[in-house]
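The structure appears right after this line, and notes come after that.
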Amino acid sequence: MKIEFINVNKNYGLINALTDISFVVNQGEFVLITGPSGTGKTSLLKLLLHQIKPSSGQILIDDVDISTLPKKQIDQLRVKIGVIFQDFQLITDKTVEENIALNLDIAAYPENKIPARIDEVLSQVNLKNRRHSFPGQLSGGELQRVALARALSNQPDLILADEPTGNLDIENSWLLLKLLKDINSNFGTTIIMTTHNQDIINSLDYPKILLRDGKIENINNEKIIKVKRSKKI
Amino acid sequence: MNTLKHTWHHLRRSPFQSMLAILVTSVSFFILAVFLILSVGMSSVLQYFETKPEITLFLKDGLDRVAVENVQKDLSAYPNIKEVKFISKEKALSIYKEQNKDNPLLTEMVTASILPASFEVSVTDPKVLETIYQNFSTKKDLVSDIIYQKNFINNIINWTNNIRIFGIIAVITLTVISFFEIITIIGMKITNRKEEIKISRLLGASKFYVKKPFILEGIFYGISGAALGNILATIIALNLKTRLNTFFNPIIFIQPNISFYFLIFFSEILVGICIGYFSSTVGVKRHIKF
């Protein structure tokens, strides 16, 4: 899935959350959105999910401006995106299995294949033994792995990870990052991850977009910058 | 996981709210079923008396044969007359004795001479009874008394109408209560599951996908309430059937044929589905706006 931001601005009343954001993420890339808290990283992901609309500018997904999409196609677009939230966003009165099954059901995954698929993704995140547990019975690291399993379950084209290590200890953070890296390299899934954790930023050799005060301060990848410039022309 | 599973999940997670909705709905449908059964019973009573229109004219003592025959001719000349039956003093005595055969004290002092002869007139159209009554009321030299079922039939009509009016008011009131009860409970359940709805929408669920389980839940309340209320009313009616039908004999007050109860059952289920569907749809529209 190719993502393109073209001169995107987002205002909340008089507050400018994002200003003149332009970049391109190509199919299969793993991109980090970095910067301190409150710089608009989450707003950027919300724009991609069409949870919020840009005040101006265009967001293209596979060359289609998502602001022109009818509501039904927005739902279909979201099905193609796996999301991992900092606070996990798991349904507390559903088991691990039911949480993943819900995502598969929404994606219209064949019903008879759902149990096998759940097995598969739980094996990937090493949580097969937690299949019937409720979120309240899991540790933070396990919860985030369930969230990842849910995001992976319907084989999305894009994974958005919003501070996925924010609530995890060091060990679980690295475990989650390893899983994300494997998914990216093995399945070619595009991943956009936000983080303000400097250790993670420094350890990963991926394109990084640094946001500060809602503006792009730096992009460490020539390909992304070039496309941005060519769009501006 | 399909919609039915989601619906079952919602029901299971807040059973007391679900039970309250079913209970309130079942009270409405119980009253509706009782009202329908009573209404049909009262209609049978009314129909029985309406199809047996009669007026009895008691003749003055001492009338000669010609005078009696003239009264009979006059009566027969009215339109829509089915039968004009003469009851002589002797016949009246034998009827009286038959009616009071278990009470010899009432029969031993009575002779044919103290009982009046009479004409029993049955008609095919009850309207003519009023004309006969009006005309013979003035003929005091021929007729000593007239017994006419007008008041009795009017009483039954009034009772039937009152039962119908009371039934309709009760059913409408309880239906409105059930309707708002389901809206409120669906609203509460949506509020309880706001987080789940929000997450589902983020995962790509359409608005209809998240609304569907709540609408099905409302329909479930409608069906369960209708079935429960109806079954209870039917059990009570069938238990009282013999006693009430003996009391109203020969009128069949409580219908004995089971198809009548099936008809009410399926009609109520249909109404239950409609109430459940519309109330939950209103509830869902009010509470799911994202």
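Ordered as shown in the structure tokens, chains take letters A, B, and onward, while each chain numbers its residues from 1 and ligands are numbered from 1 in the order shown.
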Once you count only C-alpha atoms, what closest atom pair and distance in Å to one decimal does each residue of chain B within 8 Å of chain A have, with rows by chain and rising residue number, as JSON lines?
{"residue": "B:Met1", "atom": "CA", "partner": "A:Asp105", "partner_atom": "CA", "distance": 6.0}
{"residue": "B:Asn2", "atom": "CA", "partner": "A:Asp105", "partner_atom": "CA", "distance": 7.2}
{"residue": "B:Glu195", "atom": "CA", "partner": "A:Ile91", "partner_atom": "CA", "distance": 7.4}
{"residue": "B:Glu196", "atom": "CA", "partner": "A:Ile91", "partner_atom": "CA", "distance": 5.8}
{"residue": "B:Ile199", "atom": "CA", "partner": "A:Gln89", "partner_atom": "CA", "distance": 6.7}
{"residue": "B:Ser200", "atom": "CA", "partner": "A:Asn103", "partner_atom": "CA", "distance": 7.6}
{"residue": "B:Arg201", "atom": "CA", "partner": "A:Asp75", "partner_atom": "CA", "distance": 7.6}
{"residue": "B:Leu202", "atom": "CA", "partner": "A:Arg78", "partner_atom": "CA", "distance": 6.7}
{"residue": "B:Leu203", "atom": "CA", "partner": "A:Val79", "partner_atom": "CA", "distance": 5.9}
{"residue": "B:Gly204", "atom": "CA", "partner": "A:Asp75", "partner_atom": "CA", "distance": 4.4}
{"residue": "B:Ala205", "atom": "CA", "partner": "A:Ile106", "partner_atom": "CA", "distance": 5.4}
{"residue": "B:Ser206", "atom": "CA", "partner": "A:Asp75", "partner_atom": "CA", "distance": 5.9}
{"residue": "B:Tyr209", "atom": "CA", "partner": "A:Ile106", "partner_atom": "CA", "distance": 7.9}
| task | List every residue of segment 83-213 of chain A that DSSP, applied to the backbone, labels as helix (DSSP H, G or I), and write the result as an MDAnalysis selection string. | result | chainID A and resid 96:106 111:124 128:130 135:137 140:153 170:187 198:203
| Among the residues B:Ile55, B:Val68, B:Thr246, B:Gly62, the one that comes closest to Lys82 of chain B [using only C-alpha atoms] |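 Closest residue, counting only C-alpha atoms: B:Ile55.
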| request: Considering only C-alpha atoms, return as a ChimeraX atom specification whatever protein or nucleic-acid residues lie within 10 Å of Ile132 of chain B, sequence-local ones (same chain, fewer than 2 positions apart) excluded. | output: /B:55,57,74-75,78,121,127-130,134-137,146,148
| task | List the neighbours of Ala226 of chain B out to 6 Å using only C-alpha atoms; skip same-chain residues closer than 6 positions along the sequence, and give me the result as a ChimeraX atom specification. | result | /B:26,29,268-269,272
Residue selection dump (C-alpha atoms) as a PDB file, in the first residue's frame:
ATOM      1  CA  SER B  26     -44.397 -10.075  28.183  1.00  0.00           C
ATOM      2  CA  PHE B  29     -48.527  -9.325  25.378  1.00  0.00           C
ATOM      3  CA  GLU B 268     -48.461 -11.596  18.736  1.00  0.00           C
ATOM      4  CA  ILE B 269     -45.050 -12.843  17.612  1.00  0.00           C
ATOM      5  CA  GLY B 272     -43.497  -8.460  18.904  1.00  0.00           C
TER       6      GLY B 272
END
| message | Can you pull out the residues contacting segment 237-241 of chain B? Cut-off 10 Å, using only C-alpha atoms, and skip same-chain residues under 2 positions away; I want them as a list in words. | response |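 So the residues in contact are Ala33, Val34, Ile37, Leu38, Ile231, Leu232, Ala233, Thr234, Ile235, Arg243, Leu244, Asn245, Thr246, Phe247, Ile252, Phe253, Ile254, Gln255, Pro256, Ile258 and Tyr261 of chain B.
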| query | Do you know which residues are at most 8 Å from segment 168-181 of chain B counting only C-alpha atoms, after dropping those on the same chain fewer than 6 positions away, and could you put them as JSON, numbers by chain? | reply | {"B": [21, 24, 25, 27, 28, 29, 31, 32, 275, 276, 279]}
Could those residues be written to a file, using C-alpha atoms, as a PDB file, in the first residue's frame?
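Generated output (part.pdb):
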ATOM      1  CA  ALA B  21     -37.013  -5.928  28.801  1.00  0.00           C
ATOM      2  CA  VAL B  24     -42.117  -5.718  30.584  1.00  0.00           C
ATOM      3  CA  THR B  25     -42.844  -6.808  27.015  1.00  0.00           C
ATOM      4  CA  VAL B  27     -46.833  -8.200  30.484  1.00  0.00           C
ATOM      5  CA  SER B  28     -48.072  -6.212  27.471  1.00  0.00           C
ATOM      6  CA  PHE B  29     -48.527  -9.325  25.378  1.00  0.00           C
ATOM      7  CA  ILE B  31     -52.799  -8.408  28.570  1.00  0.00           C
ATOM      8  CA  LEU B  32     -53.215  -8.364  24.772  1.00  0.00           C
ATOM      9  CA  ILE B 275     -42.205  -3.531  18.277  1.00  0.00           C
ATOM     10  CA  GLY B 276     -38.714  -4.986  18.839  1.00  0.00           C
ATOM     11  CA  SER B 279     -37.907   0.360  19.141  1.00  0.00           C
TER      12      SER B 279
END
| field | Atom-to-atom span, atom CA of Arg13 of chain B and atom CA of Ala147 of chain A, Å | value |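 Those two atoms sit 22.5 Å apart.
Residue nearest Val64 of chain A within the list A:Lys2, A:Arg131, A:Arg117, A:Lys215: A:Lys2 [criterion: smallest interatomic distance, only C-alpha atoms].
Going from atom CA of Asn9 of chain A to atom CA of Ile84 of chain A covers 24.0 Å.
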| If you count only C-alpha atoms, which residues fall within 12 Å of Ile288 of chain B, apart from same-chain ones fewer than 3 positions away, as a list in words? |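 In the requested format, the answer is Ile186, Gly187, Met188, Lys189, Ile190, Thr191, Asn192, Arg193, Lys194, Glu195, Glu196, Ile197, Lys198, Arg201, Ser206, Lys207, Phe208, Tyr209, Val210, Lys211, Lys212, Phe214, Ile215, Ser280, Thr281, Val282, Gly283, Val284 and Lys285 of chain B.
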If you keep N, CA and C atoms, can you produce a file of those selected residues as a PDB file, in the first residue's frame?
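Final file, selection-v6.pdb:
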ATOM      1  N   ILE B 186     -31.790  -0.710  25.101  1.00  0.00           N
ATOM      2  CA  ILE B 186     -30.831  -0.754  23.981  1.00  0.00           C
ATOM      3  C   ILE B 186     -29.844   0.415  24.128  1.00  0.00           C
ATOM      4  N   GLY B 187     -30.375   1.583  24.513  1.00  0.00           N
ATOM      5  CA  GLY B 187     -29.512   2.755  24.728  1.00  0.00           C
ATOM      6  C   GLY B 187     -28.469   2.484  25.797  1.00  0.00           C
ATOM      7  N   MET B 188     -28.917   1.870  26.900  1.00  0.00           N
ATOM      8  CA  MET B 188     -27.981   1.557  27.994  1.00  0.00           C
ATOM      9  C   MET B 188     -26.922   0.576  27.517  1.00  0.00           C
ATOM     10  N   LYS B 189     -27.361  -0.414  26.737  1.00  0.00           N
ATOM     11  CA  LYS B 189     -26.405  -1.429  26.260  1.00  0.00           C
ATOM     12  C   LYS B 189     -25.398  -0.807  25.290  1.00  0.00           C
ATOM     13  N   ILE B 190     -25.893   0.115  24.450  1.00  0.00           N
ATOM     14  CA  ILE B 190     -24.978   0.783  23.510  1.00  0.00           C
ATOM     15  C   ILE B 190     -23.959   1.604  24.299  1.00  0.00           C
ATOM     16  N   THR B 191     -24.456   2.311  25.330  1.00  0.00           N
ATOM     17  CA  THR B 191     -23.535   3.112  26.157  1.00  0.00           C
ATOM     18  C   THR B 191     -22.490   2.196  26.802  1.00  0.00           C
ATOM     19  N   ASN B 192     -22.943   1.049  27.295  1.00  0.00           N
ATOM     20  CA  ASN B 192     -22.003   0.088  27.907  1.00  0.00           C
ATOM     21  C   ASN B 192     -20.972  -0.409  26.907  1.00  0.00           C
ATOM     22  N   ARG B 193     -21.365  -0.476  25.651  1.00  0.00           N
ATOM     23  CA  ARG B 193     -20.487  -1.078  24.640  1.00  0.00           C
ATOM     24  C   ARG B 193     -19.910  -0.040  23.678  1.00  0.00           C
ATOM     25  N   LYS B 194     -19.905   1.209  24.124  1.00  0.00           N
ATOM     26  CA  LYS B 194     -19.413   2.310  23.285  1.00  0.00           C
ATOM     27  C   LYS B 194     -17.981   2.039  22.813  1.00  0.00           C
ATOM     28  N   GLU B 195     -17.163   1.534  23.742  1.00  0.00           N
ATOM     29  CA  GLU B 195     -15.763   1.280  23.439  1.00  0.00           C
ATOM     30  C   GLU B 195     -15.657   0.211  22.342  1.00  0.00           C
ATOM     31  N   GLU B 196     -16.447  -0.827  22.501  1.00  0.00           N
ATOM     32  CA  GLU B 196     -16.434  -1.921  21.516  1.00  0.00           C
ATOM     33  C   GLU B 196     -16.870  -1.412  20.140  1.00  0.00           C
ATOM     34  N   ILE B 197     -17.901  -0.559  20.140  1.00  0.00           N
ATOM     35  CA  ILE B 197     -18.396  -0.007  18.863  1.00  0.00           C
ATOM     36  C   ILE B 197     -17.303   0.847  18.223  1.00  0.00           C
ATOM     37  N   LYS B 198     -16.642   1.660  19.057  1.00  0.00           N
ATOM     38  CA  LYS B 198     -15.586   2.547  18.542  1.00  0.00           C
ATOM     39  C   LYS B 198     -14.448   1.709  17.942  1.00  0.00           C
ATOM     40  N   ARG B 201     -15.513   0.081  14.691  1.00  0.00           N
ATOM     41  CA  ARG B 201     -15.537   1.044  13.575  1.00  0.00           C
ATOM     42  C   ARG B 201     -14.113   1.302  13.076  1.00  0.00           C
ATOM     43  N   SER B 206     -18.762  -1.567   9.320  1.00  0.00           N
ATOM     44  CA  SER B 206     -19.698  -0.557   8.826  1.00  0.00           C
ATOM     45  C   SER B 206     -20.666  -0.200   9.954  1.00  0.00           C
ATOM     46  N   LYS B 207     -21.384   0.911   9.749  1.00  0.00           N
ATOM     47  CA  LYS B 207     -22.358   1.326  10.775  1.00  0.00           C
ATOM     48  C   LYS B 207     -23.398   0.232  10.959  1.00  0.00           C
ATOM     49  N   PHE B 208     -23.825  -0.360   9.859  1.00  0.00           N
ATOM     50  CA  PHE B 208     -24.860  -1.398   9.936  1.00  0.00           C
ATOM     51  C   PHE B 208     -24.339  -2.617  10.695  1.00  0.00           C
ATOM     52  N   TYR B 209     -23.041  -2.923  10.488  1.00  0.00           N
ATOM     53  CA  TYR B 209     -22.431  -4.077  11.173  1.00  0.00           C
ATOM     54  C   TYR B 209     -22.536  -3.916  12.694  1.00  0.00           C
ATOM     55  N   VAL B 210     -22.277  -2.687  13.187  1.00  0.00           N
ATOM     56  CA  VAL B 210     -22.326  -2.496  14.643  1.00  0.00           C
ATOM     57  C   VAL B 210     -23.763  -2.320  15.151  1.00  0.00           C
ATOM     58  N   LYS B 211     -24.650  -1.883  14.265  1.00  0.00           N
ATOM     59  CA  LYS B 211     -26.051  -1.672  14.686  1.00  0.00           C
ATOM     60  C   LYS B 211     -26.827  -2.990  14.730  1.00  0.00           C
ATOM     61  N   LYS B 212     -26.477  -3.884  13.793  1.00  0.00           N
ATOM     62  CA  LYS B 212     -27.258  -5.116  13.588  1.00  0.00           C
ATOM     63  C   LYS B 212     -27.491  -5.931  14.877  1.00  0.00           C
ATOM     64  N   PHE B 214     -27.706  -5.009  17.911  1.00  0.00           N
ATOM     65  CA  PHE B 214     -28.630  -4.325  18.818  1.00  0.00           C
ATOM     66  C   PHE B 214     -30.060  -4.407  18.278  1.00  0.00           C
ATOM     67  N   ILE B 215     -30.194  -4.319  16.955  1.00  0.00           N
ATOM     68  CA  ILE B 215     -31.533  -4.426  16.357  1.00  0.00           C
ATOM     69  C   ILE B 215     -32.064  -5.847  16.581  1.00  0.00           C
ATOM     70  N   SER B 280     -35.838  -0.875  18.748  1.00  0.00           N
ATOM     71  CA  SER B 280     -34.364  -0.977  18.763  1.00  0.00           C
ATOM     72  C   SER B 280     -33.751  -0.106  17.663  1.00  0.00           C
ATOM     73  N   THR B 281     -34.462   0.017  16.530  1.00  0.00           N
ATOM     74  CA  THR B 281     -33.948   0.884  15.463  1.00  0.00           C
ATOM     75  C   THR B 281     -33.887   2.333  15.952  1.00  0.00           C
ATOM     76  N   VAL B 282     -34.957   2.758  16.654  1.00  0.00           N
ATOM     77  CA  VAL B 282     -34.962   4.131  17.200  1.00  0.00           C
ATOM     78  C   VAL B 282     -33.822   4.270  18.220  1.00  0.00           C
ATOM     79  N   GLY B 283     -33.684   3.257  19.103  1.00  0.00           N
ATOM     80  CA  GLY B 283     -32.622   3.284  20.118  1.00  0.00           C
ATOM     81  C   GLY B 283     -31.237   3.372  19.483  1.00  0.00           C
ATOM     82  N   VAL B 284     -31.039   2.575  18.460  1.00  0.00           N
ATOM     83  CA  VAL B 284     -29.739   2.533  17.773  1.00  0.00           C
ATOM     84  C   VAL B 284     -29.463   3.868  17.069  1.00  0.00           C
ATOM     85  N   LYS B 285     -30.506   4.421  16.438  1.00  0.00           N
ATOM     86  CA  LYS B 285     -30.328   5.701  15.732  1.00  0.00           C
ATOM     87  C   LYS B 285     -29.978   6.816  16.702  1.00  0.00           C
TER      88      LYS B 285
END
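Note that atom CA of Thr56 of chain B and atom CA of Asp145 of chain B are 8.3 Å apart.
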| Could you pull out all residues of segment 17-218 of chain A with a DSSP call of strand (DSSP E) and give them as a VMD selection string? | chain A and resid 17 to 25 30 to 34 56 to 61 64 to 65 81 to 84 158 to 162 190 to 195 208 to 212 215 to 218
Restricting it to C-alpha atoms, dump the selection as a PDB file, in the first residue's frame.
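Written out: again-v5.pdb:
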ATOM      1  CA  ALA A  17      -1.750  20.242  14.895  1.00  0.00           C
ATOM      2  CA  LEU A  18      -0.062  19.537  11.564  1.00  0.00           C
ATOM      3  CA  THR A  19       1.352  22.026   9.106  1.00  0.00           C
ATOM      4  CA  ASP A  20       2.305  21.400   5.486  1.00  0.00           C
ATOM      5  CA  ILE A  21       2.995  17.687   5.827  1.00  0.00           C
ATOM      6  CA  SER A  22       4.228  16.024   2.648  1.00  0.00           C
ATOM      7  CA  PHE A  23       5.878  12.634   2.272  1.00  0.00           C
ATOM      8  CA  VAL A  24       5.530   9.316   0.516  1.00  0.00           C
ATOM      9  CA  VAL A  25       5.705   5.829   1.962  1.00  0.00           C
ATOM     10  CA  PHE A  30       8.824   0.434   7.345  1.00  0.00           C
ATOM     11  CA  VAL A  31       8.722   4.100   8.335  1.00  0.00           C
ATOM     12  CA  LEU A  32       9.102   5.623  11.768  1.00  0.00           C
ATOM     13  CA  ILE A  33       7.315   8.835  12.685  1.00  0.00           C
ATOM     14  CA  THR A  34       9.255  10.310  15.550  1.00  0.00           C
ATOM     15  CA  SER A  56      -6.410  21.175   3.740  1.00  0.00           C
ATOM     16  CA  GLY A  57      -4.172  19.105   1.489  1.00  0.00           C
ATOM     17  CA  GLN A  58      -4.521  15.593   0.167  1.00  0.00           C
ATOM     18  CA  ILE A  59      -3.891  12.126   1.537  1.00  0.00           C
ATOM     19  CA  LEU A  60      -3.526   9.523  -1.184  1.00  0.00           C
ATOM     20  CA  ILE A  61      -3.623   5.809  -0.564  1.00  0.00           C
ATOM     21  CA  VAL A  64      -6.663   7.625  -4.396  1.00  0.00           C
ATOM     22  CA  ASP A  65      -7.529  10.741  -2.378  1.00  0.00           C
ATOM     23  CA  ILE A  81      -5.220  -1.409   7.636  1.00  0.00           C
ATOM     24  CA  GLY A  82      -4.114  -3.171  10.806  1.00  0.00           C
ATOM     25  CA  VAL A  83      -3.873  -0.833  13.767  1.00  0.00           C
ATOM     26  CA  ILE A  84      -1.907  -1.222  16.997  1.00  0.00           C
ATOM     27  CA  LEU A 158      -0.633  -1.576   5.992  1.00  0.00           C
ATOM     28  CA  ILE A 159       0.022  -1.659   9.717  1.00  0.00           C
ATOM     29  CA  LEU A 160      -0.237   1.541  11.728  1.00  0.00           C
ATOM     30  CA  ALA A 161       1.422   1.256  15.113  1.00  0.00           C
ATOM     31  CA  ASP A 162       0.776   4.196  17.421  1.00  0.00           C
ATOM     32  CA  THR A 190       3.911  -1.545   4.850  1.00  0.00           C
ATOM     33  CA  ILE A 191       4.383  -0.374   8.431  1.00  0.00           C
ATOM     34  CA  ILE A 192       4.135   3.139   9.814  1.00  0.00           C
ATOM     35  CA  MET A 193       5.086   3.328  13.453  1.00  0.00           C
ATOM     36  CA  THR A 194       5.107   6.336  15.723  1.00  0.00           C
ATOM     37  CA  THR A 195       7.486   6.469  18.658  1.00  0.00           C
ATOM     38  CA  LYS A 208      12.378   8.293   9.872  1.00  0.00           C
ATOM     39  CA  ILE A 209      10.193  11.362   9.717  1.00  0.00           C
ATOM     40  CA  LEU A 210      10.866  13.704  12.617  1.00  0.00           C
ATOM     41  CA  LEU A 211       7.954  15.904  13.600  1.00  0.00           C
ATOM     42  CA  ARG A 212       8.269  18.976  15.771  1.00  0.00           C
ATOM     43  CA  LYS A 215       5.847  20.271  11.131  1.00  0.00           C
ATOM     44  CA  ILE A 216       8.307  17.916   9.474  1.00  0.00           C
ATOM     45  CA  GLU A 217      11.684  18.883  10.838  1.00  0.00           C
ATOM     46  CA  ASN A 218      13.682  16.190   9.162  1.00  0.00           C
TER      47      ASN A 218
END
